[in-house]
$ cat run24.txt   # compact mmCIF, C-alpha atoms
# COMPACT_ATOMS: atom_id res chain seq x y z
CA MET X 20 11.01 -22.96 -121.07
CA LYS X 21 14.00 -20.87 -120.02
CA LYS X 22 11.70 -18.29 -118.44
CA SER X 23 9.72 -21.03 -116.71
CA PHE X 24 12.93 -22.61 -115.44
CA ILE X 25 14.11 -19.28 -114.04
CA THR X 26 10.74 -18.72 -112.40
CA LEU X 27 10.80 -22.17 -110.82
CA ALA X 28 14.37 -21.64 -109.68
CA LEU X 29 13.47 -18.34 -108.06
CA LEU X 30 10.50 -19.96 -106.35
CA GLY X 31 12.80 -22.69 -105.12
CA LEU X 32 15.20 -20.10 -103.69
CA CYS X 33 12.31 -18.33 -102.00
CA ASN X 34 11.17 -21.59 -100.45
CA ILE X 35 14.70 -22.31 -99.22
CA ALA X 36 14.95 -18.81 -97.72
CA TYR X 37 11.56 -19.22 -96.10
CA ALA X 38 12.49 -22.58 -94.60
CA SER X 39 15.77 -21.16 -93.37
CA ASP X 40 13.96 -18.17 -91.87
CA GLU X 41 11.57 -20.49 -90.03
CA ASN X 42 14.54 -22.15 -88.32
CA ILE X 43 15.09 -19.01 -86.23
CA LEU X 44 14.12 -17.71 -82.79
CA ASN X 45 14.35 -14.00 -82.01
CA LEU X 46 14.88 -13.71 -78.26
CA TYR X 47 14.83 -10.42 -76.31
CA THR X 48 15.57 -10.69 -72.57
CA TRP X 49 17.23 -9.05 -69.59
CA SER X 50 21.00 -9.04 -69.79
CA GLY X 51 22.93 -11.52 -67.67
CA VAL X 52 20.01 -13.83 -66.93
CA ILE X 53 20.16 -16.65 -69.50
CA PRO X 54 23.63 -18.22 -69.82
CA ASP X 55 25.21 -18.46 -73.26
CA ALA X 56 25.64 -22.19 -72.68
CA THR X 57 21.86 -22.58 -72.36
CA ILE X 58 21.28 -20.84 -75.68
CA GLN X 59 23.92 -23.02 -77.32
CA GLN X 60 22.32 -26.16 -75.88
CA PHE X 61 18.93 -25.17 -77.29
CA GLU X 62 20.45 -24.52 -80.71
CA LYS X 63 22.28 -27.86 -80.68
CA GLU X 64 19.23 -29.87 -79.61
CA THR X 65 16.72 -28.21 -81.96
CA GLY X 66 18.76 -26.89 -84.89
CA ILE X 67 17.05 -23.53 -84.35
CA LYS X 68 19.29 -20.47 -84.66
CA VAL X 69 18.77 -18.00 -81.80
CA ASN X 70 19.15 -14.27 -82.41
CA PHE X 71 19.76 -13.13 -78.84
CA SER X 72 19.27 -9.47 -77.85
CA THR X 73 19.18 -7.99 -74.35
CA TYR X 74 17.84 -4.91 -72.57
CA GLU X 75 18.50 -3.24 -69.20
CA ASN X 76 14.98 -2.42 -68.03
CA ASN X 77 11.30 -3.04 -68.70
CA GLU X 78 10.78 0.47 -70.02
CA THR X 79 13.20 -0.17 -72.89
CA LEU X 80 11.41 -3.39 -73.82
CA TYR X 81 7.99 -1.77 -73.63
CA ALA X 82 8.97 1.29 -75.65
CA LYS X 83 10.56 -0.79 -78.39
CA LEU X 84 7.52 -3.00 -78.83
CA LYS X 85 5.09 -0.10 -78.46
CA THR X 86 6.73 2.14 -81.07
CA ASN X 87 7.45 -0.64 -83.57
CA ARG X 88 4.37 -2.78 -84.11
CA GLN X 89 6.17 -4.84 -86.75
CA ALA X 90 6.65 -8.33 -85.34
CA LEU X 91 10.33 -8.49 -84.34
CA TYR X 92 10.61 -10.96 -81.48
CA ASP X 93 9.33 -14.41 -80.63
CA VAL X 94 10.02 -14.53 -76.89
CA ILE X 95 10.50 -11.65 -74.46
CA GLU X 96 11.10 -11.48 -70.69
CA PRO X 97 8.94 -8.77 -69.08
CA SER X 98 8.62 -8.43 -65.33
CA SER X 99 5.25 -9.37 -63.86
CA TYR X 100 3.86 -5.85 -63.49
CA PHE X 101 4.53 -5.12 -67.17
CA ILE X 102 2.53 -8.18 -68.24
CA HIS X 103 -0.72 -6.51 -67.25
CA ARG X 104 0.24 -3.29 -69.05
CA MET X 105 1.24 -5.08 -72.25
CA GLN X 106 -1.82 -7.29 -72.21
CA LYS X 107 -4.10 -4.23 -71.85
CA ASN X 108 -2.45 -2.78 -74.94
CA ASP X 109 -2.94 -6.00 -76.95
CA MET X 110 0.81 -6.57 -77.22
CA LEU X 111 0.91 -10.24 -76.17
CA GLU X 112 -0.21 -13.58 -77.56
CA LYS X 113 -2.42 -15.73 -75.36
CA ILE X 114 -0.38 -18.79 -74.37
CA ASP X 115 -1.65 -22.27 -75.21
CA HIS X 116 -0.58 -24.36 -72.21
CA SER X 117 -1.24 -27.59 -74.12
CA LYS X 118 1.86 -26.82 -76.20
CA LEU X 119 4.05 -26.77 -73.09
CA SER X 120 4.54 -30.32 -71.84
CA ASN X 121 6.77 -29.07 -69.01
CA TYR X 122 4.26 -26.51 -67.70
CA SER X 123 3.39 -28.80 -64.79
CA ASN X 124 6.92 -28.26 -63.40
CA LEU X 125 5.91 -24.78 -62.19
CA ASP X 126 5.12 -23.99 -58.57
CA PRO X 127 1.37 -23.14 -58.30
CA VAL X 128 2.28 -20.24 -55.97
CA PHE X 129 3.51 -18.34 -59.03
CA LEU X 130 0.53 -19.09 -61.26
CA ASN X 131 -2.78 -17.20 -61.56
CA GLN X 132 -1.45 -14.15 -59.74
CA SER X 133 -3.14 -10.76 -59.92
CA TYR X 134 -0.95 -9.50 -62.77
CA ASP X 135 -2.10 -12.48 -64.93
CA PRO X 136 -5.16 -14.05 -63.22
CA HIS X 137 -5.36 -17.14 -65.42
CA SER X 138 -1.67 -17.36 -66.41
CA ASP X 139 -2.76 -16.66 -69.98
CA TYR X 140 0.11 -14.40 -70.99
CA ALA X 141 3.13 -15.10 -68.78
CA ILE X 142 5.29 -18.09 -67.87
CA PRO X 143 7.24 -17.49 -64.62
CA PHE X 144 11.00 -17.80 -65.17
CA ILE X 145 12.89 -16.30 -62.22
CA TRP X 146 11.73 -14.42 -59.16
CA GLY X 147 13.10 -12.57 -56.22
CA VAL X 148 12.44 -10.56 -53.09
CA THR X 149 13.51 -7.06 -52.11
CA GLY X 150 14.73 -7.05 -48.53
CA ILE X 151 17.37 -5.80 -46.11
CA TYR X 152 21.04 -6.72 -46.06
CA ILE X 153 23.39 -6.12 -43.13
CA ASN X 154 27.13 -6.65 -42.75
CA ARG X 155 27.57 -8.30 -39.36
CA ASP X 156 31.01 -6.71 -38.92
CA LYS X 157 29.39 -3.28 -38.78
CA PHE X 158 25.87 -3.77 -37.43
CA ASP X 159 24.06 -6.29 -35.28
CA PRO X 160 21.61 -8.03 -37.64
CA LYS X 161 19.34 -8.95 -34.70
CA SER X 162 18.70 -5.25 -34.17
CA VAL X 163 17.33 -4.84 -37.70
CA THR X 164 14.01 -6.54 -38.41
CA ARG X 165 11.97 -3.83 -40.15
CA TRP X 166 12.27 -1.29 -42.93
CA SER X 167 11.53 1.36 -40.30
CA ASP X 168 14.88 0.57 -38.62
CA PHE X 169 16.60 2.36 -41.52
CA TRP X 170 15.52 5.71 -40.05
CA ASP X 171 17.74 5.10 -37.00
CA PRO X 172 20.57 7.71 -36.68
CA ARG X 173 23.20 4.92 -36.52
CA PHE X 174 22.71 4.47 -40.28
CA LYS X 175 23.71 8.06 -41.09
CA ASP X 176 25.35 8.09 -44.57
CA GLN X 177 25.44 4.27 -44.55
CA LEU X 178 22.50 2.98 -46.57
CA MET X 179 22.34 1.80 -50.14
CA LEU X 180 18.89 2.00 -51.74
CA LEU X 181 18.05 0.43 -55.06
CA ASP X 182 18.06 3.03 -57.82
CA ASP X 183 14.44 2.27 -58.64
CA SER X 184 11.47 4.46 -57.75
CA ARG X 185 9.01 1.60 -57.26
CA GLU X 186 11.40 -0.27 -54.95
CA ALA X 187 12.26 2.74 -52.79
CA PHE X 188 8.65 3.90 -52.54
CA SER X 189 7.50 0.37 -51.76
CA MET X 190 9.71 0.41 -48.68
CA ALA X 191 8.31 3.76 -47.52
CA LEU X 192 4.70 2.74 -48.22
CA LEU X 193 5.12 -0.45 -46.22
CA THR X 194 6.49 1.46 -43.22
CA LEU X 195 3.36 3.62 -43.38
CA GLY X 196 1.11 0.57 -43.42
CA TYR X 197 0.14 0.88 -47.10
CA SER X 198 0.40 -1.55 -49.99
CA PRO X 199 3.58 -1.36 -52.09
CA ASN X 200 1.21 -1.16 -55.08
CA ASP X 201 -0.59 1.91 -53.69
CA SER X 202 -1.76 4.49 -56.22
CA ASP X 203 -3.45 6.96 -53.85
CA PRO X 204 -1.83 10.41 -54.46
CA GLU X 205 -1.94 11.28 -50.75
CA HIS X 206 -0.22 8.04 -49.79
CA ILE X 207 2.44 8.51 -52.46
CA GLU X 208 3.12 12.02 -51.15
CA GLN X 209 3.38 10.68 -47.60
CA ALA X 210 5.86 8.08 -48.84
CA TYR X 211 7.91 10.85 -50.44
CA GLU X 212 7.97 12.77 -47.14
CA LYS X 213 9.03 9.58 -45.37
CA LEU X 214 11.88 9.04 -47.82
CA SER X 215 12.90 12.69 -47.53
CA ALA X 216 13.36 12.16 -43.81
CA LEU X 217 15.70 9.26 -44.63
CA ARG X 218 17.93 11.34 -46.91
CA THR X 219 20.73 11.88 -44.36
CA ASN X 220 21.07 8.11 -43.93
CA ILE X 221 21.29 7.36 -47.67
CA HIS X 222 24.83 6.96 -48.94
CA ILE X 223 24.14 5.74 -52.48
CA TYR X 224 21.41 4.69 -54.92
CA LYS X 225 22.46 1.69 -56.99
CA SER X 226 20.88 -1.21 -58.88
CA ASP X 227 23.71 -2.49 -61.06
CA ALA X 228 26.98 -4.08 -59.86
CA VAL X 229 25.40 -4.58 -56.43
CA VAL X 230 27.05 -7.99 -56.04
CA SER X 231 30.53 -6.46 -56.38
CA LEU X 232 29.64 -3.71 -53.93
CA LEU X 233 28.53 -6.19 -51.29
CA SER X 234 31.27 -8.73 -51.96
CA ASP X 235 33.94 -6.10 -51.39
CA SER X 236 32.23 -4.72 -48.25
CA ASP X 237 31.86 -1.31 -49.89
CA SER X 238 28.36 -1.05 -48.44
CA HIS X 239 27.29 -2.36 -45.04
CA ALA X 240 23.51 -1.93 -44.93
CA GLY X 241 20.61 -1.23 -47.23
CA MET X 242 18.03 -2.76 -49.53
CA ALA X 243 18.83 -5.35 -52.18
CA TRP X 244 17.42 -8.29 -54.11
CA ASN X 245 17.89 -11.62 -52.37
CA GLY X 246 19.64 -13.20 -55.36
CA ASP X 247 22.32 -10.50 -55.32
CA VAL X 248 22.85 -10.89 -51.58
CA TYR X 249 23.10 -14.67 -51.91
CA LYS X 250 25.68 -14.38 -54.68
CA ALA X 251 27.70 -11.77 -52.75
CA SER X 252 27.56 -13.93 -49.62
CA GLN X 253 29.60 -16.58 -51.42
CA GLU X 254 32.50 -14.09 -51.30
CA ASN X 255 31.56 -12.21 -48.14
CA ASP X 256 30.24 -14.49 -45.41
CA LYS X 257 29.46 -11.53 -43.13
CA LEU X 258 26.27 -10.70 -45.02
CA ASN X 259 22.80 -11.28 -43.57
CA PHE X 260 19.56 -11.00 -45.54
CA ILE X 261 16.43 -9.99 -43.61
CA TYR X 262 12.80 -10.24 -44.69
CA PRO X 263 11.24 -7.09 -43.18
CA LYS X 264 8.35 -7.61 -40.78
CA GLU X 265 6.24 -4.89 -42.46
CA GLY X 266 6.35 -6.93 -45.67
CA PHE X 267 8.27 -6.91 -48.91
CA VAL X 268 7.88 -6.93 -52.67
CA ILE X 269 8.02 -10.15 -54.68
CA TRP X 270 8.98 -9.64 -58.31
CA VAL X 271 8.76 -12.20 -61.11
CA ASP X 272 10.42 -12.11 -64.50
CA THR X 273 8.43 -14.07 -67.04
CA PHE X 274 8.54 -15.40 -70.57
CA ALA X 275 5.90 -14.00 -72.89
CA ILE X 276 5.17 -14.14 -76.62
CA PRO X 277 4.66 -10.81 -78.42
CA LYS X 278 1.63 -10.40 -80.63
CA ASN X 279 2.16 -11.86 -84.11
CA ALA X 280 5.50 -13.44 -83.22
CA PRO X 281 7.13 -14.40 -86.54
CA HIS X 282 8.20 -17.87 -85.35
CA LEU X 283 5.43 -18.91 -83.00
CA ALA X 284 6.16 -22.65 -83.06
CA ASN X 285 9.79 -21.98 -82.13
CA ALA X 286 8.68 -19.70 -79.30
CA TYR X 287 6.79 -22.62 -77.74
CA LYS X 288 9.76 -24.92 -78.27
CA PHE X 289 12.06 -22.48 -76.49
CA ILE X 290 9.75 -21.84 -73.53
CA ASN X 291 9.14 -25.57 -73.11
CA PHE X 292 12.90 -26.16 -73.23
CA MET X 293 13.44 -23.53 -70.52
CA LEU X 294 10.79 -25.23 -68.36
CA ARG X 295 12.72 -28.49 -68.40
CA ALA X 296 14.00 -29.35 -64.92
CA ASP X 297 17.61 -29.97 -65.98
CA VAL X 298 17.76 -26.76 -68.02
CA ASP X 299 16.23 -24.60 -65.32
CA LYS X 300 18.55 -26.09 -62.72
CA ALA X 301 21.59 -25.04 -64.79
CA VAL X 302 20.17 -21.53 -65.23
CA SER X 303 19.51 -21.19 -61.48
CA LEU X 304 23.04 -22.25 -60.61
CA ASP X 305 24.38 -19.67 -63.05
CA ASN X 306 22.31 -16.58 -62.16
CA ASN X 307 21.78 -17.36 -58.42
CA TYR X 308 18.14 -16.29 -58.42
CA PRO X 309 15.31 -18.47 -57.09
CA SER X 310 13.31 -20.48 -59.58
CA PRO X 311 9.53 -20.98 -59.74
CA ASN X 312 10.22 -24.42 -61.24
CA LEU X 313 9.56 -27.04 -58.53
CA ALA X 314 11.01 -29.91 -60.54
CA ALA X 315 14.25 -27.98 -61.10
CA ARG X 316 14.46 -26.93 -57.46
CA LYS X 317 14.52 -30.59 -56.38
CA LEU X 318 17.66 -31.09 -58.45
CA LEU X 319 19.58 -28.25 -56.79
CA PRO X 320 22.21 -28.91 -54.11
CA GLU X 321 20.72 -29.23 -50.62
CA ASN X 322 22.53 -26.14 -49.39
CA ILE X 323 20.72 -24.06 -52.02
CA GLN X 324 17.31 -25.74 -51.77
CA HIS X 325 17.19 -24.97 -48.06
CA ASN X 326 19.01 -21.63 -48.07
CA PRO X 327 16.59 -19.08 -46.52
CA ILE X 328 18.09 -16.22 -48.54
CA ILE X 329 17.05 -17.89 -51.79
CA TYR X 330 14.00 -19.87 -50.74
CA PRO X 331 12.15 -18.39 -47.75
CA ASP X 332 9.62 -20.66 -46.08
CA ALA X 333 5.87 -20.40 -46.63
CA THR X 334 5.33 -18.37 -43.46
CA VAL X 335 7.79 -15.69 -44.58
CA MET X 336 6.36 -15.66 -48.12
CA LYS X 337 2.95 -14.74 -46.74
CA ARG X 338 4.37 -11.32 -45.87
CA GLY X 339 5.26 -10.71 -49.51
CA THR X 340 3.23 -8.82 -52.10
CA PHE X 341 3.56 -9.43 -55.83
CA GLN X 342 4.47 -6.25 -57.69
CA GLN X 343 1.66 -4.96 -59.92
CA ASP X 344 1.25 -2.38 -62.63
CA LEU X 345 -0.08 1.06 -61.70
CA SER X 346 -2.02 3.71 -63.59
CA GLU X 347 -0.12 6.18 -65.74
CA HIS X 348 -1.13 8.97 -63.36
CA ALA X 349 0.26 7.10 -60.34
CA LEU X 350 3.49 6.26 -62.15
CA ALA X 351 3.94 9.91 -63.11
CA LEU X 352 3.58 10.87 -59.44
CA TYR X 353 6.16 8.29 -58.42
CA GLU X 354 8.63 9.65 -60.98
CA LYS X 355 7.93 13.28 -60.03
CA TYR X 356 8.66 12.64 -56.35
CA TRP X 357 11.58 10.34 -57.18
CA GLU X 358 13.33 13.12 -59.09
CA LYS X 359 12.67 15.56 -56.24
CA LEU X 360 14.09 13.09 -53.75
CA LYS X 361 17.29 12.46 -55.67
CA ILE X 362 18.05 16.13 -56.26
CA GLY X 363 17.23 17.01 -52.66
CA GLY X 364 14.01 18.88 -53.40
$ encode --input "run24.txt" --output "structure tokens"
Amino acid sequence: MKKSFITLALLGLCNIAYASDENILNLYTWSGVIPDATIQQFEKETGIKVNFSTYENNETLYAKLKTNRQALYDVIEPSSYFIHRMQKNDMLEKIDHSKLSNYSNLDPVFLNQSYDPHSDYAIPFIWGVTGIYINRDKFDPKSVTRWSDFWDPRFKDQLMLLDDSREAFSMALLTLGYSPNDSDPEHIEQAYEKLSALRTNIHIYKSDAVVSLLSDSDSHAGMAWNGDVYKASQENDKLNFIYPKEGFVIWVDTFAIPKNAPHLANAYKFINFMLRADVDKAVSLDNNYPSPNLAARKLLPENIQHNPIIYPDATVMKRGTFQQDLSEHALALYEKYWEKLKIGG
């Protein structure tokens, strides 16, 4: 009887541990995007403990999941062009939309895009545009309407470019009349030559702390994400954001569920919570990036809803191209030329 009692007790402890373990969500997202208060609200409302980890780029996320096939996370936040890559490698769960009662809050513009044709693997969370910023104290914004204006000698040693090969090459490809998702080796080489000709005008490559740079007027012209320019403009009202006439890249960060997520039911609960209009509104006000959630957008202050930096009109959006994944060969070419560019080769 004593042995049986011990066995039953151990089974009871295992059941308690299992139940406790099920009351968990392992979340892995970009840093600085989801406010701590939002995580705390989810925990309070659901009783689910969130283990919150962050990363700095898509490559880190991809490498971690690729090298460790053991199910570690329940919800991740890949950018749109990584969705296609991860799906091809069988790294994502197919999403059951019927488990997301707030799915209808999403703007149809961001659904069924080329990187996820049936929105089977990604739930749009935040998005943005890469465009031109100008400080009106230094340059006339009316004289800058295109990416090609950057090659003007007046910008000698003035420009900030994003420290991102895809972003910089997208700009050059667009000036040449090509798609920012081009994978033709000849076109990529032409884009490199175009960027090489811009080298004397480039002052700095930077992707982090851009808001501080612009707020303090440490950079007067260049390329940036619209959310960063909007946030900086709250401190520096001399900033203009311009949607280039040749076109621009639209990026989307999404929620996805890794294959064999250990707490699948909690993953759906979290994503559905984040799709709630009141929750998404609070997130948007905190991170200053545009939201693909129409219901949340209607709750935002009028001056944000109708701010052209954050929410360009439909006519402007038609000039945008959603960023897509490229072949490994094309990506290797981008990186090869990117390194040459930055070392002055």
$ closest_residue --input "run24.txt" --among "X:Pro97, X:Gly196, X:Gly147, X:Gly241" --to "Val163 in chain X" --atoms "only C-alpha atoms"
X:Gly241
$ residues_near_point --input "run24.txt" --point "(13.1, -2.0, -73.7)" --cutoff "12 Å" --atoms "all atoms listed in the file" --output "PyMOL selection string"
chain X and resi 47-50+72-87+95-98+101
$ atom_distance --input "run24.txt" --atom1 "CA of Asn131 in chain X" --atom2 "CA of Val268 in chain X"
17.3 Å
$ atom_distance --input "run24.txt" --atom1 "CA of Val148 in chain X" --atom2 "CA of Asn245 in chain X"
5.6 Å
$ closest_atom_pairs --input "run24.txt" --of "range 120-147 of chain X" --to "range 52-56 of chain X" --cutoff "12 Å" --atoms "only C-alpha atoms" --output "Markdown table"
| residue | atom | partner | partner_atom | distance |
| --- | --- | --- | --- | --- |
| X:Phe144 | CA | X:Val52 | CA | 10.0 |
| X:Ile145 | CA | X:Val52 | CA | 8.9 |
| X:Trp146 | CA | X:Val52 | CA | 11.4 |
$ residues_around --input "run24.txt" --residues "range 306-317 of chain X" --least-positions-apart "4" --cutoff "9 Å" --atoms "all atoms listed in the file" --output "mmCIF file with C-alpha atoms, keeping the file's coordinate frame"
data_model
loop_
_atom_site.group_PDB
_atom_site.id
_atom_site.type_symbol
_atom_site.label_atom_id
_atom_site.label_comp_id
_atom_site.auth_asym_id
_atom_site.auth_seq_id
_atom_site.Cartn_x
_atom_site.Cartn_y
_atom_site.Cartn_z
ATOM 1 C CA GLY X 51 22.930 -11.520 -67.670
ATOM 2 C CA VAL X 52 20.010 -13.830 -66.930
ATOM 3 C CA ILE X 53 20.160 -16.650 -69.500
ATOM 4 C CA PRO X 54 23.630 -18.220 -69.820
ATOM 5 C CA SER X 123 3.390 -28.800 -64.790
ATOM 6 C CA ASN X 124 6.920 -28.260 -63.400
ATOM 7 C CA LEU X 125 5.910 -24.780 -62.190
ATOM 8 C CA ASP X 126 5.120 -23.990 -58.570
ATOM 9 C CA PRO X 127 1.370 -23.140 -58.300
ATOM 10 C CA VAL X 128 2.280 -20.240 -55.970
ATOM 11 C CA PHE X 129 3.510 -18.340 -59.030
ATOM 12 C CA PRO X 143 7.240 -17.490 -64.620
ATOM 13 C CA PHE X 144 11.000 -17.800 -65.170
ATOM 14 C CA ILE X 145 12.890 -16.300 -62.220
ATOM 15 C CA TRP X 146 11.730 -14.420 -59.160
ATOM 16 C CA GLY X 147 13.100 -12.570 -56.220
ATOM 17 C CA ASN X 245 17.890 -11.620 -52.370
ATOM 18 C CA GLY X 246 19.640 -13.200 -55.360
ATOM 19 C CA ASP X 247 22.320 -10.500 -55.320
ATOM 20 C CA TYR X 249 23.100 -14.670 -51.910
ATOM 21 C CA LYS X 250 25.680 -14.380 -54.680
ATOM 22 C CA VAL X 271 8.760 -12.200 -61.110
ATOM 23 C CA LEU X 294 10.790 -25.230 -68.360
ATOM 24 C CA ARG X 295 12.720 -28.490 -68.400
ATOM 25 C CA ALA X 296 14.000 -29.350 -64.920
ATOM 26 C CA ASP X 297 17.610 -29.970 -65.980
ATOM 27 C CA VAL X 298 17.760 -26.760 -68.020
ATOM 28 C CA ASP X 299 16.230 -24.600 -65.320
ATOM 29 C CA LYS X 300 18.550 -26.090 -62.720
ATOM 30 C CA ALA X 301 21.590 -25.040 -64.790
ATOM 31 C CA VAL X 302 20.170 -21.530 -65.230
ATOM 32 C CA GLU X 321 20.720 -29.230 -50.620
ATOM 33 C CA ILE X 323 20.720 -24.060 -52.020
ATOM 34 C CA GLN X 324 17.310 -25.740 -51.770
ATOM 35 C CA ILE X 329 17.050 -17.890 -51.790
ATOM 36 C CA TYR X 330 14.000 -19.870 -50.740
#
$ atom_distance --input "run24.txt" --atom1 "CA of Phe158 in chain X" --atom2 "CA of Trp357 in chain X"
28.2 Å
$ closest_residue --input "run24.txt" --among "X:Ile43, X:Ala141, X:Ile221, X:Leu319" --to "Arg173 in chain X" --atoms "only C-alpha atoms"
X:Ile221
$ closest_residue --input "run24.txt" --among "X:Asn259, X:Thr273, X:Gln132, X:Gln60" --to "Pro327 in chain X" --atoms "only C-alpha atoms"
X:Asn259
$ closest_residue --input "run24.txt" --among "X:Ile261, X:Met242, X:Ile67, X:Ile328" --to "Ser162 in chain X" --atoms "all atoms listed in the file"
X:Ile261
$ residues_around --input "run24.txt" --residues "range 214-216 of chain X" --least-positions-apart "6" --cutoff "9 Å" --atoms "all atoms listed in the file" --output "count of residues only"
8
$ residues_around --input "run24.txt" --residues "Arg155 in chain X" --least-positions-apart "5" --cutoff "8 Å" --atoms "only C-alpha atoms" --output "list in words"
Pro160, Lys257, Leu258 and Asn259 of chain X
$ closest_residue --input "run24.txt" --among "X:Val335, X:Leu46, X:Leu318, X:Ala240" --to "Gly266 in chain X" --atoms "only C-alpha atoms"
X:Val335
$ residues_around --input "run24.txt" --residues "Leu232 in chain X" --least-positions-apart "6" --cutoff "10 Å" --atoms "only C-alpha atoms" --output "JSON, numbers by chain"
{"X": [179, 225, 238, 239, 251]}
$ closest_residue --input "run24.txt" --among "X:His222, X:Lys278, X:Lys213, X:Arg338" --to "Ser198 in chain X" --atoms "only C-alpha atoms"
X:Arg338
$ build_atoms --input "run24.txt" --residues "range 122-135 of chain X" --atoms "N, CA and C atoms" --output "compact mmCIF listing (two decimals), keeping the file's coordinate frame"
# COMPACT_ATOMS: atom_id res chain seq x y z
N TYR X 122 4.95 -27.54 -68.48
CA TYR X 122 4.26 -26.51 -67.70
C TYR X 122 3.97 -26.97 -66.28
N SER X 123 3.73 -28.26 -66.11
CA SER X 123 3.39 -28.80 -64.79
C SER X 123 4.55 -28.73 -63.81
N ASN X 124 5.76 -28.41 -64.29
CA ASN X 124 6.92 -28.26 -63.40
C ASN X 124 6.83 -27.02 -62.52
N LEU X 125 5.96 -26.07 -62.89
CA LEU X 125 5.91 -24.78 -62.19
C LEU X 125 5.21 -24.89 -60.84
N ASP X 126 5.69 -24.09 -59.90
CA ASP X 126 5.12 -23.99 -58.57
C ASP X 126 3.79 -23.23 -58.67
N PRO X 127 2.67 -23.82 -58.21
CA PRO X 127 1.37 -23.14 -58.30
C PRO X 127 1.33 -21.78 -57.61
N VAL X 128 2.24 -21.54 -56.65
CA VAL X 128 2.28 -20.24 -55.97
C VAL X 128 2.48 -19.10 -56.96
N PHE X 129 3.18 -19.39 -58.07
CA PHE X 129 3.51 -18.34 -59.03
C PHE X 129 2.56 -18.29 -60.23
N LEU X 130 1.50 -19.07 -60.17
CA LEU X 130 0.53 -19.09 -61.26
C LEU X 130 -0.75 -18.36 -60.82
N ASN X 131 -1.48 -17.84 -61.80
CA ASN X 131 -2.78 -17.20 -61.56
C ASN X 131 -2.70 -16.05 -60.55
N GLN X 132 -1.60 -15.31 -60.62
CA GLN X 132 -1.45 -14.15 -59.74
C GLN X 132 -2.19 -12.95 -60.33
N SER X 133 -2.30 -11.90 -59.54
CA SER X 133 -3.14 -10.76 -59.92
C SER X 133 -2.71 -10.10 -61.23
N TYR X 134 -1.41 -10.14 -61.53
CA TYR X 134 -0.95 -9.50 -62.77
C TYR X 134 -1.32 -10.31 -64.02
N ASP X 135 -1.72 -11.59 -63.83
CA ASP X 135 -2.10 -12.48 -64.93
C ASP X 135 -3.01 -13.56 -64.34
